[in-house]
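File shown here: query-v8.cif, holding mmCIF, C-alpha atoms.
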```
data_work
#
loop_
_atom_site.label_atom_id
_atom_site.label_comp_id
_atom_site.auth_asym_id
_atom_site.auth_seq_id
_atom_site.Cartn_x
_atom_site.Cartn_y
_atom_site.Cartn_z
CA MET A 177 0.00 0.00 0.00
CA ASN A 178 1.50 3.33 -1.04
CA ALA A 179 0.46 6.58 0.60
CA PRO A 180 0.08 9.27 -2.10
CA PHE A 181 1.19 12.17 0.10
CA PHE A 182 4.30 12.98 -1.94
CA LYS A 183 2.40 12.65 -5.21
CA TYR A 184 -0.20 15.17 -4.04
CA GLY A 185 2.46 17.73 -3.23
CA LEU A 186 2.04 17.69 0.56
CA PHE A 187 5.83 17.75 0.87
CA GLY A 188 8.77 18.06 -1.48
CA ASP A 189 11.67 15.85 -2.51
CA GLU A 190 13.83 16.56 0.53
CA ILE A 191 11.06 15.96 3.08
CA SER A 192 10.01 12.79 1.28
CA LEU A 193 13.50 11.38 1.81
CA VAL A 194 13.37 12.28 5.50
CA VAL A 195 9.94 10.64 5.87
CA ALA A 196 11.11 7.51 4.04
CA PHE A 197 14.22 7.33 6.24
CA ALA A 198 12.16 7.68 9.44
CA ILE A 199 9.67 5.01 8.34
CA GLY A 200 12.53 2.66 7.40
CA ILE A 201 14.24 3.14 10.77
CA GLY A 202 10.97 2.45 12.60
CA PHE A 203 10.20 -0.62 10.50
CA GLY A 204 13.69 -2.03 11.03
CA PHE A 205 13.56 -1.34 14.77
CA PHE A 206 10.38 -3.34 15.29
CA LEU A 207 11.61 -6.19 13.08
CA GLU A 208 14.78 -6.43 15.14
CA ARG A 209 12.84 -6.27 18.41
CA ALA A 210 10.71 -9.17 17.17
CA GLY A 211 13.85 -11.19 16.46
CA PHE A 212 13.56 -11.06 12.68
CA GLY A 213 17.18 -10.03 12.25
CA ARG A 214 18.41 -13.56 13.10
CA ALA A 215 18.49 -16.15 10.33
CA ARG A 216 18.16 -19.11 12.70
CA LEU A 217 14.89 -17.80 14.06
CA LEU A 218 13.52 -17.08 10.60
CA ALA A 219 14.56 -20.49 9.25
CA ALA A 220 12.95 -22.25 12.23
CA GLN A 221 9.52 -21.66 10.70
CA PHE A 222 10.36 -24.02 7.82
CA TYR A 223 10.97 -26.78 10.37
CA PHE A 224 7.78 -25.91 12.32
CA ARG A 225 9.78 -25.25 15.50
CA ASP A 226 9.08 -21.51 15.78
CA LEU A 227 6.33 -19.96 13.66
CA ARG A 228 6.36 -16.44 15.04
CA VAL A 229 7.01 -15.04 11.53
CA LEU A 230 3.73 -16.52 10.30
CA LYS A 231 1.93 -15.18 13.38
CA VAL A 232 3.33 -11.67 13.02
CA MET A 233 2.57 -11.49 9.30
CA PHE A 234 -0.99 -12.78 9.70
CA THR A 235 -1.57 -10.38 12.60
CA ALA A 236 -0.44 -7.46 10.45
CA ILE A 237 -2.60 -8.59 7.52
CA ILE A 238 -5.85 -9.03 9.42
CA THR A 239 -5.34 -5.91 11.56
CA ALA A 240 -4.79 -3.78 8.44
CA MET A 241 -7.63 -5.46 6.53
CA VAL A 242 -10.22 -5.08 9.29
CA GLY A 243 -9.04 -1.57 10.20
CA LEU A 244 -9.10 -0.26 6.61
CA PHE A 245 -12.51 -1.84 5.98
CA PHE A 246 -14.19 -0.05 8.86
CA LEU A 247 -12.28 3.22 8.38
CA SER A 248 -13.54 3.23 4.81
CA ARG A 249 -17.11 2.47 5.88
CA LEU A 250 -16.90 5.41 8.28
CA GLY A 251 -15.69 7.69 5.48
CA LEU A 252 -12.26 8.30 7.04
CA VAL A 253 -10.28 6.44 4.36
CA ASP A 254 -10.84 6.22 0.61
CA LEU A 255 -9.71 2.75 -0.44
CA SER A 256 -9.82 3.69 -4.11
CA LEU A 257 -6.69 5.81 -3.48
CA VAL A 258 -4.69 2.79 -2.29
CA TYR A 259 -2.26 1.61 -4.95
CA LEU A 260 -2.69 -1.98 -6.14
CA THR A 261 0.27 -3.70 -7.74
CA PRO A 262 -0.73 -5.05 -11.17
CA THR A 263 -0.95 -8.83 -11.40
CA PHE A 264 1.22 -10.80 -13.84
CA VAL A 265 0.48 -14.42 -13.00
CA LEU A 266 3.42 -16.33 -14.53
CA PRO A 267 6.34 -13.94 -13.78
CA GLN A 268 5.10 -13.28 -10.24
CA ALA A 269 4.73 -17.01 -9.60
CA ILE A 270 8.29 -17.60 -10.81
CA GLY A 271 9.56 -14.63 -8.78
CA GLY A 272 7.78 -15.91 -5.67
CA LEU A 273 9.37 -19.34 -6.13
CA ILE A 274 12.85 -17.82 -6.48
CA LEU A 275 12.26 -15.64 -3.42
CA GLY A 276 11.04 -18.66 -1.43
CA VAL A 277 14.09 -20.73 -2.33
CA GLY A 278 16.35 -17.83 -1.39
CA PHE A 279 14.50 -17.44 1.90
CA VAL A 280 14.94 -21.12 2.78
CA VAL A 281 18.61 -21.24 1.76
CA GLY A 282 19.71 -17.89 3.18
CA GLY A 283 17.31 -17.60 6.08
CA TYR A 284 16.34 -14.03 5.19
CA CYS A 285 13.83 -12.17 3.09
CA PRO A 286 14.83 -8.80 1.55
CA GLY A 287 13.54 -6.73 4.49
CA THR A 288 14.98 -8.87 7.26
CA SER A 289 18.35 -9.08 5.49
CA CYS A 290 18.59 -5.27 5.67
CA VAL A 291 17.79 -5.40 9.39
CA SER A 292 20.40 -8.09 9.97
CA ALA A 293 23.05 -6.20 7.99
CA ALA A 294 22.29 -2.97 9.86
CA THR A 295 22.89 -4.72 13.18
CA GLY A 296 26.32 -5.96 12.04
CA ARG A 297 25.61 -9.61 11.24
CA ILE A 298 27.94 -10.94 8.56
CA ASP A 299 25.44 -13.39 7.07
CA GLY A 300 22.97 -10.54 6.66
CA MET A 301 25.60 -8.46 4.87
CA VAL A 302 26.42 -11.34 2.50
CA TYR A 303 22.73 -11.89 1.79
CA LEU A 304 22.20 -8.17 1.19
CA ALA A 305 25.19 -8.03 -1.17
CA GLY A 306 23.79 -10.97 -3.12
CA MET A 307 20.40 -9.28 -3.33
CA ILE A 308 21.93 -6.06 -4.69
CA GLY A 309 23.95 -8.09 -7.20
CA GLY A 310 20.79 -9.85 -8.30
CA LEU A 311 19.02 -6.54 -8.80
CA LEU A 312 21.87 -5.21 -10.92
CA GLY A 313 21.94 -8.40 -12.96
CA PHE A 314 18.19 -8.30 -13.50
CA ALA A 315 18.45 -4.68 -14.67
CA GLU A 316 21.09 -5.68 -17.22
CA ILE A 317 19.07 -8.51 -18.76
CA TYR A 318 15.66 -6.86 -18.41
CA PRO A 319 15.48 -5.61 -22.04
CA ARG A 320 15.87 -9.22 -23.24
CA ILE A 321 13.24 -10.70 -20.90
CA GLU A 322 10.78 -7.80 -20.77
CA HIS A 323 8.20 -9.82 -22.71
CA LEU A 324 8.41 -12.54 -20.07
CA VAL A 325 8.19 -10.11 -17.17
CA LYS A 326 4.96 -8.68 -18.60
CA ALA A 327 3.41 -12.02 -19.58
CA THR A 328 -0.08 -13.11 -18.41
CA PRO A 329 -1.23 -9.66 -17.28
CA MET A 330 -4.46 -9.35 -15.30
CA GLY A 331 -4.28 -5.68 -14.34
CA GLN A 332 -5.08 -4.38 -10.87
CA VAL A 333 -7.45 -7.02 -9.53
CA THR A 334 -8.62 -8.17 -6.11
CA LEU A 335 -10.02 -11.52 -5.00
CA ALA A 336 -13.38 -9.92 -4.37
CA GLN A 337 -13.51 -8.55 -7.92
CA GLN A 338 -12.14 -11.69 -9.53
CA PHE A 339 -14.62 -14.06 -7.87
CA ASN A 340 -17.47 -11.56 -7.47
CA LEU A 341 -17.50 -11.84 -3.68
CA PRO A 342 -18.65 -9.24 -1.13
CA TYR A 343 -15.62 -7.49 0.35
CA GLY A 344 -16.87 -7.95 3.90
CA LEU A 345 -17.32 -11.69 3.41
CA LEU A 346 -13.74 -11.93 2.20
CA VAL A 347 -12.56 -10.02 5.30
CA PHE A 348 -14.40 -12.48 7.55
CA ALA A 349 -12.94 -15.46 5.66
CA VAL A 350 -9.37 -14.14 6.01
CA VAL A 351 -9.87 -13.54 9.74
CA LEU A 352 -11.08 -17.14 10.21
CA MET A 353 -8.15 -18.39 8.13
CA ALA A 354 -5.72 -16.40 10.29
CA VAL A 355 -7.17 -17.74 13.55
CA GLY A 356 -6.96 -21.26 12.13
CA ALA A 357 -3.34 -20.64 11.13
CA PHE A 358 -2.52 -19.40 14.65
CA ILE A 359 -3.99 -22.55 16.21
CA ALA A 360 -2.20 -24.81 13.70
CA ALA A 361 1.09 -22.97 14.28
CA GLU A 362 0.89 -23.38 18.06
CA TRP A 363 0.02 -27.06 17.67
CA ALA A 364 3.02 -27.58 15.35
CA GLU A 365 5.35 -25.73 17.73
CA ARG A 366 4.19 -27.96 20.59
CA LYS A 367 4.29 -31.29 18.73
CA ILE A 368 7.36 -30.76 16.52
CA GLY A 369 9.33 -28.02 18.21
CA GLY A 370 8.67 -29.21 21.74
CA LYS A 371 7.54 -25.76 22.78
CA VAL A 372 5.35 -25.61 25.87
CA PRO A 373 2.44 -23.16 25.39
CA ASP A 374 2.29 -20.40 27.99
CA THR A 375 -0.85 -18.89 29.46
CA ASP A 376 -0.98 -16.28 26.69
CA SER A 377 -1.78 -18.86 24.01
CA LEU A 378 -4.82 -20.00 22.07
CA LEU A 379 -4.15 -23.62 23.12
CA ALA A 380 -3.40 -22.90 26.79
CA PRO A 381 -5.76 -24.73 29.17
CA ALA A 382 -6.15 -21.68 31.43
CA ARG A 383 -9.75 -20.67 32.02
CA PRO A 384 -9.38 -16.87 32.09
CA LEU A 385 -9.38 -15.16 28.72
CA ALA A 386 -5.77 -14.43 27.87
CA PRO A 387 -5.00 -11.24 25.86
CA VAL A 388 -4.39 -13.25 22.68
CA ARG A 389 -7.79 -14.92 23.03
CA ARG A 390 -9.51 -11.58 23.59
CA PHE A 391 -7.77 -10.25 20.50
CA ALA A 392 -8.94 -13.25 18.46
CA ILE A 393 -12.53 -12.85 19.69
CA VAL A 394 -12.53 -9.14 18.81
CA LEU A 395 -11.17 -9.78 15.32
CA VAL A 396 -13.66 -12.59 14.63
CA SER A 397 -16.51 -10.38 15.84
CA LEU A 398 -15.41 -7.47 13.65
CA GLY A 399 -15.01 -9.85 10.71
CA LEU A 400 -18.54 -11.13 11.23
CA VAL A 401 -19.86 -7.56 11.26
CA ALA A 402 -17.88 -6.78 8.12
CA ALA A 403 -19.52 -9.69 6.32
CA PHE A 404 -22.83 -7.79 6.47
CA ALA A 405 -21.51 -4.21 6.34
CA GLY A 406 -21.56 -3.76 2.56
CA ASN A 407 -18.97 -2.47 0.08
CA PRO A 408 -16.15 -0.35 1.60
CA PHE A 409 -15.36 1.33 -1.73
CA ARG A 410 -17.02 4.59 -2.65
CA GLY A 411 -19.26 4.70 -5.68
CA ALA A 412 -18.85 6.67 -8.90
CA PHE A 413 -20.69 9.67 -7.45
CA ALA A 414 -18.93 12.16 -5.21
CA ARG A 415 -20.02 15.20 -3.25
CA VAL A 416 -18.49 18.38 -4.61
CA ASP A 417 -17.00 20.81 -2.12
CA THR A 418 -17.81 24.02 -3.99
CA LYS A 419 -16.02 26.18 -1.43
CA GLN A 420 -12.78 24.22 -1.84
CA LEU A 421 -13.10 24.27 -5.63
CA ALA A 422 -13.53 28.03 -5.60
CA LEU A 423 -10.55 28.42 -3.26
CA ASP A 424 -8.31 26.27 -5.48
CA ALA A 425 -9.36 28.19 -8.58
CA GLY A 426 -8.91 31.58 -6.93
CA THR A 427 -5.45 30.90 -5.50
CA LYS A 428 -4.29 29.01 -8.62
CA SER A 429 -3.05 26.21 -6.40
CA ASP A 430 -4.45 23.83 -9.01
CA HIS A 431 -2.17 25.19 -11.77
CA VAL A 432 1.06 23.79 -13.21
CA SER A 433 3.17 26.11 -15.37
CA VAL A 434 4.54 24.94 -18.72
CA THR A 435 8.13 25.46 -17.56
CA GLN A 436 7.46 23.36 -14.48
CA LEU A 437 5.95 20.61 -16.63
CA ALA A 438 8.93 20.74 -19.00
CA ASP A 439 11.29 20.30 -16.05
CA TRP A 440 9.28 17.30 -14.80
CA ILE A 441 9.47 15.63 -18.22
CA ILE A 442 13.21 16.25 -18.57
CA GLU A 443 13.79 14.90 -15.05
CA GLY A 444 11.90 11.75 -15.99
CA ARG A 445 9.42 12.06 -13.14
CA SER A 446 6.68 9.45 -13.04
CA ASP A 447 4.56 10.79 -10.20
CA PHE A 448 1.98 12.44 -12.47
CA VAL A 449 -0.19 11.65 -15.50
CA LEU A 450 -0.45 14.23 -18.29
CA VAL A 451 -3.90 14.05 -19.92
CA ASP A 452 -4.60 15.81 -23.23
CA VAL A 453 -8.38 16.22 -23.65
CA ARG A 454 -8.33 17.34 -27.30
CA GLU A 455 -9.80 15.26 -30.09
CA PRO A 456 -7.61 12.42 -31.49
CA ALA A 457 -6.88 14.24 -34.77
CA GLU A 458 -5.58 17.31 -32.93
CA PHE A 459 -3.59 15.10 -30.58
CA ALA A 460 -2.01 13.25 -33.51
CA SER A 461 -0.82 16.49 -35.12
CA TYR A 462 1.22 17.40 -32.04
CA HIS A 463 1.19 16.60 -28.35
CA ILE A 464 3.47 17.12 -25.39
CA PRO A 465 5.81 14.14 -24.90
CA GLY A 466 4.32 11.57 -22.53
CA ALA A 467 0.76 12.90 -22.77
CA ARG A 468 -2.23 10.54 -22.90
CA ASN A 469 -5.12 11.40 -25.19
CA VAL A 470 -8.40 11.11 -23.28
CA PRO A 471 -11.17 13.25 -24.80
CA LEU A 472 -13.75 14.75 -22.48
CA ALA A 473 -16.36 12.11 -23.32
CA GLU A 474 -13.98 9.35 -22.22
CA LEU A 475 -13.16 10.75 -18.77
CA THR A 476 -14.85 7.95 -16.86
CA PRO A 477 -14.35 7.28 -13.12
CA ASP A 478 -11.95 4.43 -13.90
CA PHE A 479 -9.91 5.90 -16.77
CA VAL A 480 -6.92 6.08 -14.42
CA ALA A 481 -6.22 5.17 -10.79
CA ARG A 482 -7.72 7.74 -8.44
CA ASN A 483 -4.50 8.04 -6.45
CA GLU A 484 -2.73 9.54 -9.46
CA ARG A 485 -1.75 13.18 -9.72
CA ILE A 486 -3.32 14.36 -12.98
CA VAL A 487 -2.28 17.34 -15.12
CA VAL A 488 -4.94 18.29 -17.70
CA CYS A 489 -4.15 20.24 -20.87
CA SER A 490 -5.90 21.38 -24.03
CA GLU A 491 -5.28 23.88 -26.81
CA GLY A 492 -6.36 26.82 -24.66
CA GLY A 493 -8.16 26.54 -21.37
CA ILE A 494 -11.90 25.91 -21.70
CA HIS A 495 -11.85 22.16 -22.31
CA ALA A 496 -9.10 21.65 -19.75
CA ALA A 497 -11.14 23.58 -17.16
CA GLN A 498 -14.19 21.45 -17.96
CA ALA A 499 -12.12 18.30 -17.54
CA TRP A 500 -10.72 19.62 -14.25
CA PHE A 501 -14.19 20.22 -12.82
CA LEU A 502 -15.44 16.85 -14.09
CA LEU A 503 -12.55 14.92 -12.54
CA ARG A 504 -12.85 16.75 -9.23
CA SER A 505 -16.57 15.99 -9.23
CA LEU A 506 -15.80 12.30 -9.81
CA GLY A 507 -13.67 12.28 -6.68
CA PHE A 508 -10.15 12.58 -8.10
CA PRO A 509 -8.36 14.52 -5.34
CA ALA A 510 -5.27 15.74 -7.22
CA VAL A 511 -6.14 17.37 -10.55
CA TYR A 512 -4.15 20.28 -11.99
CA LEU A 513 -4.45 22.52 -15.04
CA LEU A 514 -1.60 23.29 -17.41
CA PHE A 515 -1.58 27.08 -17.24
CA GLY A 516 -1.97 28.56 -20.71
CA GLY A 517 -2.39 25.14 -22.36
CA LEU A 518 -0.60 24.21 -25.55
CA GLU A 519 -0.52 27.85 -26.67
CA GLU A 520 1.61 28.74 -23.67
CA TRP A 521 3.69 25.58 -24.20
CA LYS A 522 4.39 26.70 -27.78
CA ASP A 523 5.27 30.29 -26.86
CA THR A 524 7.30 29.61 -23.72
CA VAL A 525 8.83 26.15 -24.11
CA LEU A 526 9.12 25.43 -27.84
CA TYR A 527 9.78 28.92 -29.22
CA PRO A 528 10.91 31.25 -26.42
CA ALA A 529 11.77 34.81 -27.45
CA ALA A 530 15.19 36.19 -26.66
CA PRO A 531 15.35 39.20 -24.34
CA PRO A 532 16.61 42.51 -25.75
CA ALA A 533 20.35 43.16 -25.63
CA SER A 534 19.85 45.77 -22.91
CA ALA A 535 18.13 43.27 -20.59
CA PRO A 536 19.86 42.32 -17.31
CA ALA A 537 22.34 39.44 -17.36
CA ARG A 538 19.99 37.18 -15.39
CA ASP A 539 17.43 37.40 -18.21
CA HIS A 540 20.02 36.22 -20.73
CA ILE A 541 21.05 33.38 -18.41
CA GLU A 542 17.42 32.34 -18.06
CA PHE A 543 16.96 32.50 -21.83
CA ALA A 544 19.98 30.25 -22.35
CA LYS A 545 18.33 27.67 -20.15
CA ARG A 546 15.01 28.02 -21.97
CA ALA A 547 16.82 27.72 -25.32
CA ALA A 548 18.32 24.39 -24.22
CA VAL A 549 14.88 23.19 -23.10
CA ALA A 550 13.37 24.27 -26.44
CA LYS A 551 15.94 22.25 -28.38
CA TYR A 552 15.30 19.25 -26.11
CA PHE A 553 11.65 19.25 -27.17
CA GLY A 554 12.38 19.89 -30.85
CA GLY A 555 11.65 23.61 -30.80
CA ALA A 556 13.81 26.60 -31.69
CA PRO A 557 14.48 29.70 -29.58
CA GLN A 558 13.78 32.98 -31.38
CA THR A 559 16.48 35.58 -31.74
CA GLY A 560 15.94 38.65 -33.85
CA GLY A 561 12.51 37.41 -34.94
CA ALA A 562 13.80 34.26 -36.69
CA PRO A 563 13.94 30.74 -35.24
CA MET A 564 17.34 29.26 -34.57
CA PRO A 565 18.18 25.89 -36.11
CA ALA A 566 17.02 23.10 -33.83
CA SER A 567 18.10 19.54 -33.33
CA THR A 568 16.05 16.71 -34.77
CA PRO A 569 12.69 16.85 -32.96
CA ALA A 570 11.35 13.75 -31.28
CA LEU A 571 7.80 14.82 -32.12
CA PRO A 572 6.22 16.86 -34.94
CA ARG A 573 6.84 20.57 -34.53
CA LEU A 574 4.23 23.21 -34.06
CA THR A 575 4.23 26.11 -36.48
CA PRO A 576 6.55 28.84 -35.14
CA PRO A 577 4.75 32.02 -34.13
CA VAL A 578 4.96 34.87 -36.64
CA PRO A 579 6.28 38.11 -35.11
CA ALA A 580 3.49 40.65 -34.95
CA ALA A 581 3.79 44.06 -36.61
CA ALA A 582 5.01 46.82 -34.34
CA PRO A 583 2.34 49.25 -33.16
CA ALA A 584 2.46 52.74 -34.63
CA GLY A 585 4.83 55.06 -32.81
CA VAL A 586 6.65 52.31 -30.94
CA PRO A 587 9.58 51.06 -33.05
CA GLY A 588 10.44 47.42 -32.54
CA ALA A 589 7.67 46.89 -29.96
CA LYS A 590 5.69 43.67 -30.04
CA PRO A 591 2.29 43.39 -28.37
CA LYS A 592 2.15 40.62 -25.82
CA LYS A 593 -1.08 38.69 -25.52
CA LYS A 594 -2.11 38.38 -21.91
CA LYS A 595 -2.51 34.82 -20.74
CA GLU A 596 -5.64 34.23 -18.73
CA GLY A 597 -7.13 31.11 -17.27
CA CYS A 598 -5.48 27.85 -18.23
#
```
Please re-express this file's structure in structure tokens.
Amino acid sequence: MNAPFFKYGLFGDEISLVVAFAIGIGFGFFLERAGFGRARLLAAQFYFRDLRVLKVMFTAIITAMVGLFFLSRLGLVDLSLVYLTPTFVLPQAIGGLILGVGFVVGGYCPGTSCVSAATGRIDGMVYLAGMIGGLLGFAEIYPRIEHLVKATPMGQVTLAQQFNLPYGLLVFAVVLMAVGAFIAAEWAERKIGGKVPDTDSLLAPARPLAPVRRFAIVLVSLGLVAAFAGNPFRGAFARVDTKQLALDAGTKSDHVSVTQLADWIIEGRSDFVLVDVREPAEFASYHIPGARNVPLAELTPDFVARNERIVVCSEGGIHAAQAWFLLRSLGFPAVYLLFGGLEEWKDTVLYPAAPPASAPARDHIEFAKRAAVAKYFGGAPQTGGAPMPASTPALPRLTPPVPAAAPAGVPGAKPKKKKEGC
């Protein structure tokens, strides 16, 4: 599950690294405290002598599943914003088998090997080095096996969708399966591992309800309620917060400038989706690199994952503004407009005008940067009213703007059209 906080612009690149570091430290601390930094303890589960790994993982799964279900039913969490990893049956089955063999042989999984290495264990360091080497090797051969990696695709699916089951019923079934796994694990530890169950055990003969039994009863009860609580996902209809929409439009916090978008594309950022809402013929004549053509009529609630950050563009601003309002009404929380649209993209990014010779040095430095960006996208910076030669464009060029005639009485002046809206 990926939280989309960074994607929605709640913090920048530097803070995202700090947050990731803090989460990683916390995750590693609790794994080490649970003993998951020791290979002998992890390998003991394969011999049914100590199955605490299974217990911890199942506890995390059912706690998250039950908690998210009811938080969604209460309207505190929108499950449609949770990222689902796409399913590729064959490559993921092969990858799971390789991971399982590595786990049995080495005694670590990727996460626990990092914990072990961080605490100074040599076997953890060796395992971590092998994992990094495997990643580098996979990256080298990926172009040759890409067709295999993407074989048998199923998209982003869930068991409830695949088998047409109520989500609550699936939650209840997983809770029962987890409780059964806990009982089976304790039985195996007692019979095979010779472990004597303590009072805080599901199989302990003590009469009072131990904490673990209370926890199991609570989870089973919540799972039973979930079975009849309905669908936790929100429907296609959403309530529009008109005050927030007006605030976003008035402060232009929903705008992305063309220079900012150009920088994102050059940097290779993948935390946004650029949607061009023009008709296919207009899109085919020229479009911004990486843009997806989705006309207004095709902006359905499922045209893209709702946890995506979406930048909408059109030739000017009207259609993009309509698409922005439609997507916000459908419940997409992070929708932005490309300020000025393709007209602004053409004037500012593809064919920027050179500043006059008398302009400050910083303006000429800025123009040099914009000239390099223009050439990157196949455009040509304008100096003296004529386009400069450009490198081979990756996409069809737009027609360069024709310098307007100078107004009477102002030699060399060029009227500048004011950009309004999007």
- Message: Can you spell out as a list of chain:residue names the set of residues that the PyMOL selection byres ((chain A and resi 254) around 12) selects in the structure I just provided?
- Response: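 Going through the file, the PyMOL selection byres ((chain A and resi 254) around 12) ends up selecting A:Ala179, A:Pro180, A:Leu244, A:Phe245, A:Phe246, A:Leu247, A:Ser248, A:Arg249, A:Leu250, A:Gly251, A:Leu252, A:Val253, A:Leu255, A:Ser256, A:Leu257, A:Val258, A:Tyr259, A:Asn407, A:Pro408, A:Phe409, A:Arg410, A:Gly411, A:Ala414, A:Arg482, A:Asn483, A:Gly507, A:Phe508, A:Pro509.
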Please list, as an mmCIF file with C-alpha atoms, in the coordinates of the input, the residues that have an atom at most 10 Å away from (16.1, -12.2, 13.4) in the coordinates of this file, counting all atoms listed in the file.
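What follows is the written file part-v4.cif:
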```
data_model
loop_
_atom_site.group_PDB
_atom_site.id
_atom_site.type_symbol
_atom_site.label_atom_id
_atom_site.label_comp_id
_atom_site.auth_asym_id
_atom_site.auth_seq_id
_atom_site.Cartn_x
_atom_site.Cartn_y
_atom_site.Cartn_z
ATOM 1 C CA LEU A 207 11.610 -6.190 13.080
ATOM 2 C CA GLU A 208 14.780 -6.430 15.140
ATOM 3 C CA ARG A 209 12.840 -6.270 18.410
ATOM 4 C CA ALA A 210 10.710 -9.170 17.170
ATOM 5 C CA GLY A 211 13.850 -11.190 16.460
ATOM 6 C CA PHE A 212 13.560 -11.060 12.680
ATOM 7 C CA GLY A 213 17.180 -10.030 12.250
ATOM 8 C CA ARG A 214 18.410 -13.560 13.100
ATOM 9 C CA ALA A 215 18.490 -16.150 10.330
ATOM 10 C CA ARG A 216 18.160 -19.110 12.700
ATOM 11 C CA LEU A 217 14.890 -17.800 14.060
ATOM 12 C CA LEU A 218 13.520 -17.080 10.600
ATOM 13 C CA ALA A 219 14.560 -20.490 9.250
ATOM 14 C CA VAL A 229 7.010 -15.040 11.530
ATOM 15 C CA GLY A 283 17.310 -17.600 6.080
ATOM 16 C CA TYR A 284 16.340 -14.030 5.190
ATOM 17 C CA THR A 288 14.980 -8.870 7.260
ATOM 18 C CA SER A 289 18.350 -9.080 5.490
ATOM 19 C CA VAL A 291 17.790 -5.400 9.390
ATOM 20 C CA SER A 292 20.400 -8.090 9.970
ATOM 21 C CA GLY A 300 22.970 -10.540 6.660
#
```
- Task: Translate the PyMOL selection byres ((chain A and resi 498-501) around 7), as applied to the file shown, into an explicit residue set as an MDAnalysis selection string.
- Result: chainID A and resid 472 488 494:497 502:505 511:513
Create the file for the chosen residues now, containing C-alpha atoms and written as a PDB file, keeping the file's coordinate frame.
```
ATOM      1  CA  LEU A 472     -13.750  14.750 -22.480  1.00  0.00           C
ATOM      2  CA  VAL A 488      -4.940  18.290 -17.700  1.00  0.00           C
ATOM      3  CA  ILE A 494     -11.900  25.910 -21.700  1.00  0.00           C
ATOM      4  CA  HIS A 495     -11.850  22.160 -22.310  1.00  0.00           C
ATOM      5  CA  ALA A 496      -9.100  21.650 -19.750  1.00  0.00           C
ATOM      6  CA  ALA A 497     -11.140  23.580 -17.160  1.00  0.00           C
ATOM      7  CA  LEU A 502     -15.440  16.850 -14.090  1.00  0.00           C
ATOM      8  CA  LEU A 503     -12.550  14.920 -12.540  1.00  0.00           C
ATOM      9  CA  ARG A 504     -12.850  16.750  -9.230  1.00  0.00           C
ATOM     10  CA  SER A 505     -16.570  15.990  -9.230  1.00  0.00           C
ATOM     11  CA  VAL A 511      -6.140  17.370 -10.550  1.00  0.00           C
ATOM     12  CA  TYR A 512      -4.150  20.280 -11.990  1.00  0.00           C
ATOM     13  CA  LEU A 513      -4.450  22.520 -15.040  1.00  0.00           C
TER      14      LEU A 513
END
```
- Message: With distances taken over all atoms listed in the file, which residue among A:Leu324, A:Met241, A:Ala236, A:Cys285 lies nearest Gly306 of chain A?
- Response: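 The closest residue to Gly306 of chain A is A:Cys285.
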- Message: I need the residue nearest Ala550 of chain A from this list: A:Ala240, A:Ala293, A:Val525, A:Val302. Use all atoms listed in the file for the distance.
- Response: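 Ranking A:Ala240, A:Ala293, A:Val525, A:Val302 by distance to Ala550 of chain A, first place goes to A:Val525.
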- Residue members of the PyMOL selection byres ((chain A and resi 260) around 8) in the file shown, as a list in words: Met177, Val258, Tyr259, Thr261, Pro262, Gln332 and Val333 of chain A
Pull C-alpha atoms from the residues just selected and write them as a short mmCIF file (atom, residue, chain, number, x, y, z; two decimals), in the frame of the given file.
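Saved file again_4.cif follows:
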```cif
data_model
loop_
_atom_site.label_atom_id
_atom_site.label_comp_id
_atom_site.auth_asym_id
_atom_site.auth_seq_id
_atom_site.Cartn_x
_atom_site.Cartn_y
_atom_site.Cartn_z
CA MET A 177 0.00 0.00 0.00
CA VAL A 258 -4.69 2.79 -2.29
CA TYR A 259 -2.26 1.61 -4.95
CA THR A 261 0.27 -3.70 -7.74
CA PRO A 262 -0.73 -5.05 -11.17
CA GLN A 332 -5.08 -4.38 -10.87
CA VAL A 333 -7.45 -7.02 -9.53
#
```
- Calculate how many Å separate atom CA of Ser490 of chain A from atom CA of Gly517 of chain A, rounding to one decimal. 5.4 Å
- Note on the structure: Across A:Gly344, A:Pro471, A:Gly313, A:Gly369, the smallest distance to Ala220 of chain A, with only C-alpha atoms counted, is shown by A:Gly369
- Message: So, with only C-alpha atoms as the atoms that count, which of A:Val280, A:Cys290, A:Leu230, A:Val434 lies closest to Lys522 of chain A?
- Response: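 Under the stated criterion, the closest residue is A:Val434.
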- Task: For atom CA of Leu450 of chain A and atom CA of Tyr552 of chain A, determine how far apart the two atoms are, in Å to one decimal place.
- Result: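 Result for atom CA of Leu450 of chain A versus atom CA of Tyr552 of chain A: 18.3 Å, one decimal.
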- Item | Straight-line distance linking atom CA of Arg445 of chain A with atom CA of Trp521 of chain A, stated in Å to one decimal |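 The value is 18.4 Å.
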- Message: Using all atoms listed in the file for the distances, tell me which of A:Ile199, A:Val470, A:Ile274, A:Ile317 is nearest to Pro456 of chain A.
- Response: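 That would be A:Val470, the residue with the smallest distance to Pro456 of chain A.
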- Which residues, written as a PyMOL selection string, have at least one atom at most 12 Å from Ile237 of chain A, with all atoms listed in the file counted and residues fewer than 6 positions away on the same chain left out? chain A and resi 177+230-231+243-244+347+350-351+353-355+395
Any chance you could export the current selection's C-alpha atoms as a compact mmCIF listing (two decimals), keeping the file's coordinate frame?
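Dumped to again.txt:
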```txt
# COMPACT_ATOMS: atom_id res chain seq x y z
CA MET A 177 0.00 0.00 0.00
CA LEU A 230 3.73 -16.52 10.30
CA LYS A 231 1.93 -15.18 13.38
CA GLY A 243 -9.04 -1.57 10.20
CA LEU A 244 -9.10 -0.26 6.61
CA VAL A 347 -12.56 -10.02 5.30
CA VAL A 350 -9.37 -14.14 6.01
CA VAL A 351 -9.87 -13.54 9.74
CA MET A 353 -8.15 -18.39 8.13
CA ALA A 354 -5.72 -16.40 10.29
CA VAL A 355 -7.17 -17.74 13.55
CA LEU A 395 -11.17 -9.78 15.32
```
